[in-house]
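Colleague: Please see the structure below; I have some questions.
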Amino acid sequence: MSKTKIPSNVIKLLWLKAGGRCEYEGCNNPLWRDDVTKRVFNSSYLAHIIADEPGGPRGDPMLSPQLANDINNLMLLCDRHHRLIDKTEVEGHPVERLSEMKRKHEERIEIQTGIQPDKSSHIILYGANVGTHSPMLNYQIVSGAMYPEWYPASDKPTILSLINSLEKDSSSDYWPHQVHHLQSQVDGTLRPLIRINDIRHLSVFALAPQPLLIQLGVLLSDILPMNVYQKHREPDTWRWQEDNDITYTIRETRRNPAIVALNLSLSATVTNDRIEKVLGQDCTIYTFTHENPNNDYLQTKQHLGAFRTTMRRLFDQIKTEHGHNTILHVFPAMPVAAAVEFGRIWMSKADMRITLYDENQKLGGFIHAFHINH
């Protein structure tokens, strides 16, 4: 416990730099209200990194009196973490660790409060069962991927998911039920919310079977400007990474011009025989791929931008060569962000109709999911 009376101007400045929140890593709790009752009051503690007395936690004969009132030696903490660093786990909280916590927290607060209002973006969360897995989308985790280009416009994201659904993608009712729910959520929840709250930009985070992600992109295409984010495995984050450019390639296997398939071998390789198992061998297949298909290749916004550009050109090429009325059979193995963007760049009035397929090992390979019509 501090023995020094900290000047009021130092306390006020610390509150500003900390954003009124606990500076302990991973906490960030607001210190102006009680978490349970929501009553407004000051629940903060002023903690010294180097104690204001030589015998205190991390105390030093020379530095303790010198830094007793120095804001760079003070942290704003909640009761729990104040007790943790000064009583129960003093040895586990050396000066270097606490100083780094303080630096990172105050740097983040400065970035967030320095963002202009036109950089606010409303978060959209969408998840659907993938096989036996139910994706979990956490607001706190995904919102961290937006900084510093964007910041959350609200602490309440719009959730388009069918909550607590027990349906699996091997069920015959899965696809029509999910498509109907998604359409209803976009039309009945998202569009009115945008009109009422004057939302101008969206940040989209989604984990679902690829046909549903494509359908999500179709529904979002004309609503607002938006950023679509990709879940990375290495590192485990939604934040876009820095990486080299990527070159996409298009291969063609020309047979019957009336039956046309699109092989999207991006996150994995789809061999043509798996498509021919569904459509027969007498079909034309366009394969959209790159040098090293894998489920973590889409690392940067530039990769996604290149995908959009290449895919838009391919849509036009296929339509020119096979006609506007031909159905395009789509077999996707692609990252979630690419799947959403695929739906966004498809133009309902100008492009071919699409039939979507989904890989389902339980059912023996690719199965028909649903159609996307004009």
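Chain lettering (A, B, ...) mirrors the order of the structure tokens, residue numbering begins at 1 for each chain separately, and ligand numbering begins at 1 in order of display.
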Got a sec: who's within 8 Å of range 342-345 of chain A, counting only C-alpha atoms, leaving out chain neighbours fewer than 2 positions off, as a ChimeraX atom specification?

Modeller: /A:213-222,308,311-312,338-340,347

Colleague: May I have the residues within 12 Å of His180 in chain A as an mmCIF file with C-alpha atoms, in the first residue's frame, using only C-alpha atoms and disregarding those fewer than 5 positions away in the same chain?

Modeller:
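Below you can see result31.cif, which holds the result:
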data_model
loop_
_atom_site.group_PDB
_atom_site.id
_atom_site.type_symbol
_atom_site.label_atom_id
_atom_site.label_comp_id
_atom_site.auth_asym_id
_atom_site.auth_seq_id
_atom_site.Cartn_x
_atom_site.Cartn_y
_atom_site.Cartn_z
ATOM 1 C CA LEU A 160 -26.280 -13.267 -37.373
ATOM 2 C CA SER A 161 -25.677 -16.816 -36.140
ATOM 3 C CA LEU A 162 -28.392 -19.358 -35.421
ATOM 4 C CA ASP A 173 -32.588 -29.798 -43.432
ATOM 5 C CA TYR A 174 -29.328 -28.047 -42.607
ATOM 6 C CA TRP A 175 -28.862 -25.962 -45.770
ATOM 7 C CA GLN A 185 -31.266 -11.964 -39.890
ATOM 8 C CA VAL A 186 -29.778 -9.717 -42.561
ATOM 9 C CA ASP A 187 -33.153 -8.371 -43.693
ATOM 10 C CA GLY A 188 -34.882 -8.248 -40.325
ATOM 11 C CA LEU A 212 -23.007 -20.226 -46.195
ATOM 12 C CA GLN A 215 -24.319 -16.611 -49.226
ATOM 13 C CA LEU A 216 -23.380 -14.158 -46.473
ATOM 14 C CA LEU A 219 -26.425 -10.676 -48.835
ATOM 15 C CA PHE A 370 -28.034 -24.854 -52.600
#

Colleague: Between CA of Cys27 in chain A and CA of His93 in chain A, measure the distance and give it in Å to one decimal.

Modeller: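 Interatomic distance here is 15.3 Å.
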
Colleague: For Pro176 in chain A, find every residue with an atom within 12 Å (counting only C-alpha atoms), except residues of its own chain fewer than 5 positions away, and show them as a PyMOL selection string.

Modeller: chain A and resi 167+169+171+181-183+211-212+215+368-371

Colleague: List every residue of range 194-362 of chain A that DSSP, applied to the backbone of this structure, assigns to strand (DSSP E), and report them as a ChimeraX atom specification.

Modeller: /A:202-207,226-228,248-253,260-265,284-290,328-333,354-360

Colleague: Restricted to C-alpha atoms, what would the selected residues look like written as a PDB file, in the first residue's frame?

Modeller:
ATOM      1  CA  LEU A 202     -18.951  -2.944 -41.226  1.00  0.00           C
ATOM      2  CA  SER A 203     -16.246  -5.312 -39.966  1.00  0.00           C
ATOM      3  CA  VAL A 204     -17.189  -8.916 -40.713  1.00  0.00           C
ATOM      4  CA  PHE A 205     -15.928 -11.941 -38.756  1.00  0.00           C
ATOM      5  CA  ALA A 206     -17.343 -15.303 -39.819  1.00  0.00           C
ATOM      6  CA  LEU A 207     -16.744 -19.043 -39.347  1.00  0.00           C
ATOM      7  CA  MET A 226     -16.853  -3.243 -45.150  1.00  0.00           C
ATOM      8  CA  ASN A 227     -13.728  -5.150 -44.167  1.00  0.00           C
ATOM      9  CA  VAL A 228     -13.872  -8.942 -44.110  1.00  0.00           C
ATOM     10  CA  TYR A 248      -3.022 -16.814 -58.525  1.00  0.00           C
ATOM     11  CA  THR A 249      -3.282 -19.038 -61.593  1.00  0.00           C
ATOM     12  CA  ILE A 250      -6.185 -20.290 -63.718  1.00  0.00           C
ATOM     13  CA  ARG A 251      -6.191 -23.678 -65.438  1.00  0.00           C
ATOM     14  CA  GLU A 252      -8.853 -24.922 -67.856  1.00  0.00           C
ATOM     15  CA  THR A 253     -10.020 -28.434 -68.694  1.00  0.00           C
ATOM     16  CA  VAL A 260     -19.225 -25.662 -66.323  1.00  0.00           C
ATOM     17  CA  ALA A 261     -17.514 -26.082 -62.954  1.00  0.00           C
ATOM     18  CA  LEU A 262     -15.293 -23.782 -60.907  1.00  0.00           C
ATOM     19  CA  ASN A 263     -12.625 -25.545 -58.844  1.00  0.00           C
ATOM     20  CA  LEU A 264     -11.451 -23.213 -56.049  1.00  0.00           C
ATOM     21  CA  SER A 265      -8.259 -24.924 -54.811  1.00  0.00           C
ATOM     22  CA  THR A 284     -15.538 -28.043 -68.443  1.00  0.00           C
ATOM     23  CA  ILE A 285     -13.571 -27.190 -65.293  1.00  0.00           C
ATOM     24  CA  TYR A 286     -11.843 -23.906 -64.453  1.00  0.00           C
ATOM     25  CA  THR A 287      -9.323 -24.339 -61.613  1.00  0.00           C
ATOM     26  CA  PHE A 288      -8.466 -21.221 -59.582  1.00  0.00           C
ATOM     27  CA  THR A 289      -5.389 -21.919 -57.423  1.00  0.00           C
ATOM     28  CA  HIS A 290      -1.893 -20.799 -56.416  1.00  0.00           C
ATOM     29  CA  LEU A 328     -21.735 -22.303 -62.782  1.00  0.00           C
ATOM     30  CA  HIS A 329     -21.118 -25.253 -60.420  1.00  0.00           C
ATOM     31  CA  VAL A 330     -18.789 -24.081 -57.625  1.00  0.00           C
ATOM     32  CA  PHE A 331     -16.613 -26.504 -55.607  1.00  0.00           C
ATOM     33  CA  PRO A 332     -14.849 -24.423 -52.932  1.00  0.00           C
ATOM     34  CA  ALA A 333     -11.793 -25.107 -50.793  1.00  0.00           C
ATOM     35  CA  ILE A 354     -24.404 -20.428 -59.183  1.00  0.00           C
ATOM     36  CA  THR A 355     -24.830 -23.867 -57.665  1.00  0.00           C
ATOM     37  CA  LEU A 356     -22.768 -24.403 -54.529  1.00  0.00           C
ATOM     38  CA  TYR A 357     -21.286 -27.679 -53.284  1.00  0.00           C
ATOM     39  CA  ASP A 358     -19.790 -28.556 -49.928  1.00  0.00           C
ATOM     40  CA  GLU A 359     -17.160 -31.150 -49.021  1.00  0.00           C
ATOM     41  CA  ASN A 360     -18.643 -33.590 -46.511  1.00  0.00           C
TER      42      ASN A 360
END

Colleague: Show me, as a PDB file with C-alpha atoms, in the first residue's frame, the residues that have an atom within 12 Å of Ala145 in chain A when counting only C-alpha atoms, minus same-chain residues fewer than 3 positions from it.

Modeller:
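Saved to selection-v7.pdb:
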ATOM      1  CA  ILE A 123     -18.902  -5.536 -35.941  1.00  0.00           C
ATOM      2  CA  ASN A 138     -15.592 -13.622 -29.124  1.00  0.00           C
ATOM      3  CA  TYR A 139     -16.214  -9.870 -29.404  1.00  0.00           C
ATOM      4  CA  GLN A 140     -13.175  -8.918 -27.325  1.00  0.00           C
ATOM      5  CA  ILE A 141     -10.849 -11.059 -29.433  1.00  0.00           C
ATOM      6  CA  VAL A 142     -12.105 -10.048 -32.866  1.00  0.00           C
ATOM      7  CA  PRO A 148      -5.435   0.930 -35.661  1.00  0.00           C
ATOM      8  CA  GLU A 149      -7.256   1.272 -39.012  1.00  0.00           C
ATOM      9  CA  TRP A 150     -10.725   0.896 -37.433  1.00  0.00           C
ATOM     10  CA  TYR A 151     -12.299   0.762 -34.007  1.00  0.00           C
ATOM     11  CA  PRO A 152     -15.624  -0.716 -32.817  1.00  0.00           C
ATOM     12  CA  SER A 203     -16.246  -5.312 -39.966  1.00  0.00           C
ATOM     13  CA  VAL A 204     -17.189  -8.916 -40.713  1.00  0.00           C
ATOM     14  CA  PHE A 205     -15.928 -11.941 -38.756  1.00  0.00           C
ATOM     15  CA  ASN A 227     -13.728  -5.150 -44.167  1.00  0.00           C
ATOM     16  CA  VAL A 228     -13.872  -8.942 -44.110  1.00  0.00           C
ATOM     17  CA  TYR A 229     -11.370 -10.551 -41.714  1.00  0.00           C
ATOM     18  CA  GLN A 230      -9.596 -13.908 -41.858  1.00  0.00           C
ATOM     19  CA  LYS A 231      -8.930 -16.230 -38.886  1.00  0.00           C
ATOM     20  CA  HIS A 232      -5.246 -17.215 -38.970  1.00  0.00           C
ATOM     21  CA  ASP A 236      -3.575 -17.410 -33.733  1.00  0.00           C
ATOM     22  CA  THR A 237      -5.282 -14.119 -34.540  1.00  0.00           C
ATOM     23  CA  TRP A 238      -7.782 -12.320 -36.750  1.00  0.00           C
ATOM     24  CA  ARG A 239      -5.344  -9.464 -37.350  1.00  0.00           C
ATOM     25  CA  TRP A 240      -3.990  -9.118 -40.883  1.00  0.00           C
ATOM     26  CA  GLN A 241      -0.293  -9.974 -41.191  1.00  0.00           C
TER      27      GLN A 241
END

Colleague: Fewer than 6 positions away in the same chain doesn't count, so skip those; otherwise give me all residues within 7 Å of range 61-65 of chain A, counting only C-alpha atoms, as a PyMOL selection string.

Modeller: chain A and resi 50-54

Colleague: Smallest atom-to-atom distance to Val336 in chain A: which of A:Gln112, A:Gln361, A:Ser267, A:Ser44, using only C-alpha atoms?

Modeller: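 When distances to Val336 in chain A are compared using only C-alpha atoms, the smallest one comes from A:Ser267.
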
Colleague: Please provide the set of residues having any atom within 7 Å of Met101 in chain A, restricted to only C-alpha atoms, with same-chain residues fewer than 5 positions apart removed, written as a list in words.

Modeller: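 Those residues are Glu23, Tyr24 and Glu25 of chain A.
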
Colleague: Keeping only C-alpha atoms, write those residues as a CSV table (one decimal), in the first residue's frame.

Modeller:
chain,number,residue,atom,x,y,z
A,23,GLU,CA,-3.7,-1.6,-16.6
A,24,TYR,CA,-2.9,-5.3,-15.7
A,25,GLU,CA,-2.4,-7.3,-18.8

Colleague: Mind checking which residues fall within 12 Å of Tyr45 in chain A, counting only C-alpha atoms, ignoring those fewer than 6 positions away in the same chain, and posting them as number ranges by chain?

Modeller: A: 1-2, 6, 11, 14-15, 20-24, 31-32, 74-83, 85-86

Colleague: Considering only C-alpha atoms, state which residue in the set A:Pro225, A:Pro293, A:Pro30, A:Pro192 is at the smallest distance from Ser43 in chain A.

Modeller: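 Looking at the shortest contact to Ser43 in chain A, the residue is A:Pro30.
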
Colleague: Pick from A:Glu341, A:Asp245, A:Pro257, A:Val270: nearest to Thr309 in chain A, with only C-alpha atoms counted?

Modeller: A:Glu341
